[in-house]
Amino acid sequence: MVTFILKRIGSGLVVLAAISCLTFFLLYFSSTNIARNILGEYATPEQVAAKQSELGLDQPILTRFATWVGNALTGDFGTSWFTNEPVVQSLLTRLPVTLALVVTSILIIAVLSTLIGVAAAVKRGWIDRVVQTAAVIGDAIPNFVLAIVFVTIFAIQLGFFPATSSIQPGADAGAWVASLTLPVIALVISGLTSAAQQVRSAVIKQLEKDYVRTLRSRGISEGVILFKHVLRSAAPAGLTVLSLQFIGMLGGVVIIEQIFALPGMGALAVQSTTLGDTPLVMGVVLYTVIIVIIVNLLVDLANGWLNPKVRVS
Amino acid sequence: MKFGPRATSVAIVAATAVALVGCSSAAGGKSGGGSAVDTLSIGSLSNILSFDPAQAHLGHQMPLYQAAYDTLVLRKPDGSFAPMLATEWEYNDDQTVLTVDLRDDVTFTDGEKFDAEAAKANLDHFKSANGPDAAQLGSVSAVDVVDEDTIDITLAAADPALVYYLSQAPGLMGSPKALGTEEIKTVPVGSGPYVLDAKSSVNGSQFVYTANEDYWNKDLQKFAKVTIKVLTDITARTNAVVSGQVNATLLDAKNGKQAEGAGLKEVSYPVDWNGLFLFDRDGQNTPALGDVRVRQAINYAFDRETMLEQLSLGHGEVTAQIFGKTTDAYIPELDDAYAYDPEKAKSLLAEAGYADGFELTLPVLPGTEAIMAMVQQQLADVGITVKQEAVPQANYVTDLQAAKFSAAWFSVFQGEPWVAIKQAIGPQAAYNPFKTTTPELQAAIDAVQTGGDKSGELAKDVNEYVTEQAWFAPWYRIDQMFYIDDKITVEPQAQQAVPSIYNYAPAS
């Protein structure tokens with residue numbers, strides 16, 4: 001197990017290095033007029049040239065990359081070009097908001113999709129048809145549309161929740177709950193149906209296997225068969241879709257965060273990328289990749305724990 | 001300025017529990033709004049580069065700085081100037097030295113005293129720190145301390161906008177001890193009416209200020225607490241003001257309808273002019289534009305009333321001049337200088353030898369597709385074929401200033417006459433990429449520069465010239481549509497995208 005974890009961490013570091021390199025070079029080729037955009041429309045050409053020099057934009061790309069890597073290895077990710085705030089501070093301020101939003105949504109999706117998926121697989125009939133229809137509808141309605149509808153009804157018309165985030169440093173749990181409830185529900189609705197559909201398919205597949213018939217012939221109760229054997233075997237499919245949803249949500253919460261004005265990573269990532277704020281984009285990418293690597297590792301470990309057949313030695 | 005891991009855990013567990021049981025939180029949507037008398041919450045569409053006053057920028061960002069920093073000169077809502085940290089100011093005879101007397105009873109929040117040395121340190125820092133508006137002090141050659149509360153600002157050439165600049169970014173005064181440090185980039189150190197509560201603020205999300213207890217001018221300090229929420233998305237700004245989370249914000253005509261429906265008060269005032277810059281007046285790249293009759297034909301081709309109605313739902317005033325109503329250069333008659341007349345446009349084109357029209361390439365900024373479609377249709381009606389070329393937002397200004405296009409749409413603020421001349425008319429203006437000029441125009445510009453108190457009036461000649469010569473094709477002055485709730489009042493700020501922080505007051 002330790003070897004497996006070390007191997008995964010090793011390959012994760014390789015991925016991290018490759019993505020850092022790729023992102024830096026992509027930013028170099030896609031970002032133009034950064035100094036002009038920092039200084040605005042009334043800056044003189046001389047001012048723009050001075051700003052380029054100050055930021056090192058007049059240096060060759062390899063020199064700039066080497067400088068960034070050297071600093072990053074010492075934990076110095078630099079300062080945002082557009083807010084002058086240290087990158088690490090920007091990320092530490094915003095990461096908890098995005099993680100709270102995404103982790104909460106995924107936990108709810110995990111619980112509800114398992115319950116609904118298993119019910120649809122076991123009972124079939126109308127529950128199954130509802131799940132399958134809902135999966136299509138859930139996929140068809142973007143979560144930001146749901147978010148706008150929810151804001152209009154529950155925040156503006158009824159006043160149950162704040163229309164935009166009231167999360168701020170030192171805010172109590174009530175403010176977090178009030179600010180995250182509508183965005184979480186929007187994310188859950190759009191993610192739940194497809195996850196439930198995956199669980200349903202995986203459970204049906206397992207229920208058709210020979211070992212289930214054998215267990216039944218030995219008089220083992222349906223509950224034990226379902227929860228002790230079938231669900232364990234079906235778990236990899238569910239965990240895989242959840243991990244994919246988690247990773248997708250990290251990037252996909254951008255619009256949700258903008259609608260609710262949540263001070264999360266999504267808005268930060270979009271703004272910094274649009275502006276060409278290289279230090280901040282690199283920070284966002286590194287943190288995101290690290291989170292993705294950790295999530296994938298945890299999913300693999302969970303799969304192994306749940307299902308001996310995929311357990312690694 | 002960090003959310004601790006405990007808070008995150010609490011939030012995850014609590015949000016999960018609440019959502020699973022399907023109950024709503026006790027924290028209602030209206031709770032974020034300020035109480036009627038002592039708190040103000042504003043939705044801002046702009047973040048700031050840094051709290052270093054030398055990195056400040058005019059317009060949307062000013063309230064964020066005004067909360068923490070005083071300026072040398074106070075710009076009143078009607079655009080006139082009043083004492084602030086400067087008590088009085090006077091030019092020498094040839095308008096090249098401005099002597100400024102300063103208050104002697106002001107201290108910064110770090111305990112440093114404001115005096116002539118501090119004012120000099122700030123102005124020198126502004127010139128050297130390469131901020132967005134550094135060029136505003138481009139004509140300043142030296143700042144000298146005359147005595148403890150007097151400075152001389154010496155100019156290389158007369159600058160009729162200098163006093164205006166001292167009411168904007170260059171006039172923001174920070175503690176000399178903090179200037180140039182890393183700390184001031186994220187935590188302002190000024191002498192303004194409010195002090196940033198850094199622990200409650202998140203850069204790019206919200207800035208929380210509390211009243212500066214030792215503030216020298218209580219008349220400008222009307223709230224105990226001010227929160228400025230950065231809401232770049234207009235839907236979020238609309239939701240925030242409609243639900244009572246912020247007291248005031250800037251919207252547009254479409255979203256304004258929702259705000260009106262919710263009973264909010266509209267405070268509109270014109271700041272920008274919308275229309276086409278006809279850059280290539282010498283016909284270098286597009287020979288047709290070198291003929292004044294062609295440029296006038298373009299002006300006659302636009303049905304400004306219809307454009308205003310369709311593009312801005314009627315929120316604005318049609319015009320054919322680029323100088324604003326709040327300036328001395330404004331000439332009321334010029335608003336109707338080019339009344340819609342497509343037949344006259346065709347006849348002018350024919351006189352100029354373009355009876356069959358010509359092709360004009362215009363850049364298209366993302367989000368302006370509807371505007372450009374209308375431009376294309378109206379110019380097509382008189383025989384001019386518009387070819388559209390999409391330009392990314394990040395490249396738009398750079399491409400215009402690099403003379404890549406002979407003409408372009410833009411929305412530009414109508415500042416003081418000398419500001420407008422430096423912005424769009426003078427040979428070195430940012431928006432005169434082909435550097436066009438004529439001896440007649442230059443003489444008029446020179447008269448404005450050295451005109452002293454009459455400078456604004458003299459700019460009428462410049463206005464008449466560029467309107468008659470059709471250097472531009474303005475359509476209308478668009479309203480800044482500001483919405484407030486009934487807990488506060490606000491006065492519009494002349495020539496500024498949003499009201500100054502001092503313009504807000506509790507309704508009672």
# chains A, B, ... in the order shown; residues from 1 in each chain; ligands from 1
call {"tool": "interface_residues", "arguments": {"of": "chain A", "to": "chain B", "cutoff": "7 Å", "atoms": "only C-alpha atoms", "output": "count of residues only"}}
result
44
call {"tool": "residues_around", "arguments": {"residues": "range 405-421 of chain B", "least_positions_apart": "3", "cutoff": "7 Å", "atoms": "only C-alpha atoms", "output": "PDB file with C-alpha atoms, in the first residue's frame"}}
result
ATOM      1  CA  PRO B 160      -5.159  73.719 -17.487  1.00  0.00           C
ATOM      2  CA  ALA B 161      -6.231  70.383 -15.964  1.00  0.00           C
ATOM      3  CA  VAL B 271     -20.703  60.683 -18.291  1.00  0.00           C
ATOM      4  CA  ASP B 272     -19.612  58.976 -21.535  1.00  0.00           C
ATOM      5  CA  TRP B 273     -20.258  59.753 -25.153  1.00  0.00           C
ATOM      6  CA  ASN B 274     -20.883  56.858 -27.511  1.00  0.00           C
ATOM      7  CA  GLY B 275     -20.092  56.855 -31.188  1.00  0.00           C
ATOM      8  CA  LEU B 276     -17.384  56.431 -33.793  1.00  0.00           C
ATOM      9  CA  PHE B 277     -13.894  57.821 -33.797  1.00  0.00           C
ATOM     10  CA  LEU B 278     -12.997  58.690 -37.404  1.00  0.00           C
ATOM     11  CA  PHE B 279      -9.263  58.368 -36.823  1.00  0.00           C
ATOM     12  CA  ASP B 280      -7.818  58.483 -40.326  1.00  0.00           C
ATOM     13  CA  ASN B 285      -5.144  53.974 -44.830  1.00  0.00           C
ATOM     14  CA  THR B 286      -8.695  54.785 -45.898  1.00  0.00           C
ATOM     15  CA  ILE B 322     -17.675  65.094 -27.791  1.00  0.00           C
ATOM     16  CA  PHE B 323     -17.511  67.775 -25.077  1.00  0.00           C
ATOM     17  CA  GLY B 324     -19.866  67.207 -22.173  1.00  0.00           C
ATOM     18  CA  THR B 327     -17.823  71.579 -19.263  1.00  0.00           C
ATOM     19  CA  ALA B 329     -16.549  73.880 -23.919  1.00  0.00           C
ATOM     20  CA  THR B 361     -13.259  48.087 -41.690  1.00  0.00           C
ATOM     21  CA  LEU B 362     -14.377  48.475 -38.091  1.00  0.00           C
ATOM     22  CA  PRO B 363     -13.137  46.468 -35.083  1.00  0.00           C
ATOM     23  CA  LEU B 400      -6.849  51.385 -31.802  1.00  0.00           C
ATOM     24  CA  ALA B 424      -8.737  62.468 -28.231  1.00  0.00           C
ATOM     25  CA  ILE B 425      -7.773  65.618 -30.126  1.00  0.00           C
ATOM     26  CA  GLY B 426      -4.180  66.739 -29.574  1.00  0.00           C
ATOM     27  CA  GLY B 456     -12.639  76.132 -20.782  1.00  0.00           C
ATOM     28  CA  ALA B 459     -12.063  75.177 -25.828  1.00  0.00           C
ATOM     29  CA  GLN B 495     -17.646  63.552 -15.162  1.00  0.00           C
TER      30      GLN B 495
END
call {"tool": "select_by_dssp", "arguments": {"residues": "range 273-325 of chain B", "states": "helix (DSSP H, G or I)", "output": "count of residues only"}}
result
23
call {"tool": "select_by_dssp", "arguments": {"residues": "range 255-350 of chain B", "states": "strand (DSSP E)", "output": "PyMOL selection string"}}
result
chain B and resi 265-278+316-318
call {"tool": "closest_residue", "arguments": {"among": "A:Val253, A:Leu262, A:Leu112, A:Val69", "to": "Leu16 in chain A", "atoms": "only C-alpha atoms"}}
result
A:Val69
call {"tool": "closest_residue", "arguments": {"among": "B:Pro392, B:Gly452, B:Pro332, B:Thr249", "to": "Glu90 in chain B", "atoms": "only C-alpha atoms"}}
result
B:Gly452
call {"tool": "residues_around", "arguments": {"residues": "Gln271 in chain A", "least_positions_apart": "4", "cutoff": "10 Å", "atoms": "only C-alpha atoms", "output": "JSON, numbers by chain"}}
result
{"A": [82, 265, 266, 267, 275, 276, 277, 280, 281]}
call {"tool": "atom_distance", "arguments": {"atom1": "CA of Gln284 in chain B", "atom2": "CA of Phe434 in chain B"}}
result
8.2 Å
call {"tool": "residues_around", "arguments": {"residues": "Val386 in chain B", "least_positions_apart": "2", "cutoff": "9 Å", "atoms": "only C-alpha atoms", "output": "number ranges by chain"}}
result
B: 358-362, 375-377, 379-380, 384, 388
call {"tool": "write_last_selection", "arguments": {"atoms": "C-alpha atoms", "output": "PDB file, in the first residue's frame"}}
result
ATOM      1  CA  PHE B 358     -16.491  52.635 -50.126  1.00  0.00           C
ATOM      2  CA  GLU B 359     -15.458  49.905 -47.737  1.00  0.00           C
ATOM      3  CA  LEU B 360     -14.681  50.674 -44.084  1.00  0.00           C
ATOM      4  CA  THR B 361     -13.259  48.087 -41.690  1.00  0.00           C
ATOM      5  CA  LEU B 362     -14.377  48.475 -38.091  1.00  0.00           C
ATOM      6  CA  VAL B 375     -23.733  50.823 -37.548  1.00  0.00           C
ATOM      7  CA  GLN B 376     -23.370  48.432 -40.453  1.00  0.00           C
ATOM      8  CA  GLN B 377     -27.009  48.818 -41.434  1.00  0.00           C
ATOM      9  CA  LEU B 379     -23.935  53.137 -43.119  1.00  0.00           C
ATOM     10  CA  ALA B 380     -25.068  50.584 -45.707  1.00  0.00           C
ATOM     11  CA  ILE B 384     -20.821  52.608 -47.157  1.00  0.00           C
ATOM     12  CA  GLN B 388     -16.402  43.878 -39.263  1.00  0.00           C
TER      13      GLN B 388
END
call {"tool": "residues_around", "arguments": {"residues": "Pro86 in chain A", "least_positions_apart": "2", "cutoff": "10 Å", "atoms": "only C-alpha atoms", "output": "number ranges by chain"}}
result
A: 76-81, 83-84, 88-91, 279-280; B: 186
call {"tool": "write_last_selection", "arguments": {"atoms": "N, CA and C atoms", "output": "PDB file, in the first residue's frame"}}
result
ATOM      1  N   ASP A  76       7.741  30.547  -3.001  1.00  0.00           N
ATOM      2  CA  ASP A  76       7.379  31.914  -3.380  1.00  0.00           C
ATOM      3  C   ASP A  76       6.677  31.888  -4.738  1.00  0.00           C
ATOM      4  N   PHE A  77       5.358  32.055  -4.717  1.00  0.00           N
ATOM      5  CA  PHE A  77       4.598  32.036  -5.967  1.00  0.00           C
ATOM      6  C   PHE A  77       4.384  33.441  -6.523  1.00  0.00           C
ATOM      7  N   GLY A  78       5.021  34.393  -5.898  1.00  0.00           N
ATOM      8  CA  GLY A  78       4.970  35.749  -6.427  1.00  0.00           C
ATOM      9  C   GLY A  78       3.732  36.510  -6.003  1.00  0.00           C
ATOM     10  N   THR A  79       3.514  37.608  -6.699  1.00  0.00           N
ATOM     11  CA  THR A  79       2.422  38.534  -6.383  1.00  0.00           C
ATOM     12  C   THR A  79       1.586  38.751  -7.633  1.00  0.00           C
ATOM     13  N   SER A  80       0.287  38.820  -7.440  1.00  0.00           N
ATOM     14  CA  SER A  80      -0.597  39.055  -8.599  1.00  0.00           C
ATOM     15  C   SER A  80      -0.235  40.371  -9.276  1.00  0.00           C
ATOM     16  N   TRP A  81      -0.184  40.355 -10.601  1.00  0.00           N
ATOM     17  CA  TRP A  81       0.132  41.582 -11.329  1.00  0.00           C
ATOM     18  C   TRP A  81      -1.034  42.563 -11.298  1.00  0.00           C
ATOM     19  N   THR A  83      -3.570  42.672  -8.732  1.00  0.00           N
ATOM     20  CA  THR A  83      -4.079  43.096  -7.412  1.00  0.00           C
ATOM     21  C   THR A  83      -2.947  43.373  -6.425  1.00  0.00           C
ATOM     22  N   ASN A  84      -1.724  43.028  -6.809  1.00  0.00           N
ATOM     23  CA  ASN A  84      -0.569  43.211  -5.931  1.00  0.00           C
ATOM     24  C   ASN A  84      -0.681  42.439  -4.621  1.00  0.00           C
ATOM     25  N   VAL A  88      -0.231  33.280  -2.811  1.00  0.00           N
ATOM     26  CA  VAL A  88      -0.624  32.294  -1.791  1.00  0.00           C
ATOM     27  C   VAL A  88      -1.763  32.844  -0.934  1.00  0.00           C
ATOM     28  N   GLN A  89      -1.691  34.138  -0.625  1.00  0.00           N
ATOM     29  CA  GLN A  89      -2.754  34.736   0.184  1.00  0.00           C
ATOM     30  C   GLN A  89      -4.077  34.740  -0.578  1.00  0.00           C
ATOM     31  N   SER A  90      -4.018  35.070  -1.881  1.00  0.00           N
ATOM     32  CA  SER A  90      -5.241  35.047  -2.709  1.00  0.00           C
ATOM     33  C   SER A  90      -5.865  33.666  -2.699  1.00  0.00           C
ATOM     34  N   LEU A  91      -5.009  32.637  -2.827  1.00  0.00           N
ATOM     35  CA  LEU A  91      -5.530  31.263  -2.906  1.00  0.00           C
ATOM     36  C   LEU A  91      -6.088  30.820  -1.553  1.00  0.00           C
ATOM     37  N   PRO A 279       1.380  35.002 -12.620  1.00  0.00           N
ATOM     38  CA  PRO A 279       1.641  34.420 -11.287  1.00  0.00           C
ATOM     39  C   PRO A 279       0.389  33.815 -10.662  1.00  0.00           C
ATOM     40  N   LEU A 280      -0.734  34.495 -10.822  1.00  0.00           N
ATOM     41  CA  LEU A 280      -1.971  34.012 -10.210  1.00  0.00           C
ATOM     42  C   LEU A 280      -2.503  32.772 -10.942  1.00  0.00           C
TER      43      LEU A 280
ATOM     44  N   THR B 186      -1.754  46.553  -0.022  1.00  0.00           N
ATOM     45  CA  THR B 186      -2.984  45.852   0.380  1.00  0.00           C
ATOM     46  C   THR B 186      -3.706  46.530   1.547  1.00  0.00           C
TER      47      THR B 186
END
call {"tool": "residues_around", "arguments": {"residues": "Phe24 in chain A", "least_positions_apart": "5", "cutoff": "9 Å", "atoms": "only C-alpha atoms", "output": "PyMOL selection string"}}
result
chain A and resi 19+29+61+65+278+281-282
call {"tool": "residues_around", "arguments": {"residues": "Leu98 in chain B", "least_positions_apart": "6", "cutoff": "10 Å", "atoms": "only C-alpha atoms", "output": "ChimeraX atom specification"}}
result
/B:89-92,143,151-155,158,162-163
call {"tool": "atom_distance", "arguments": {"atom1": "CA of Asp210 in chain A", "atom2": "CA of Val118 in chain A"}}
result
18.8 Å
call {"tool": "closest_residue", "arguments": {"among": "B:His315, B:Glu457, B:Tyr300, B:Ala116", "to": "Asp381 in chain B", "atoms": "only C-alpha atoms"}}
result
B:Tyr300
call {"tool": "closest_residue", "arguments": {"among": "A:Leu226, A:Val270, A:Ala186, A:Leu244", "to": "Val149 in chain A", "atoms": "only C-alpha atoms"}}
result
A:Ala186
call {"tool": "closest_residue", "arguments": {"among": "A:Val295, A:Trp68, A:Thr32, A:Leu231", "to": "Ser20 in chain A", "atoms": "only C-alpha atoms"}}
result
A:Trp68
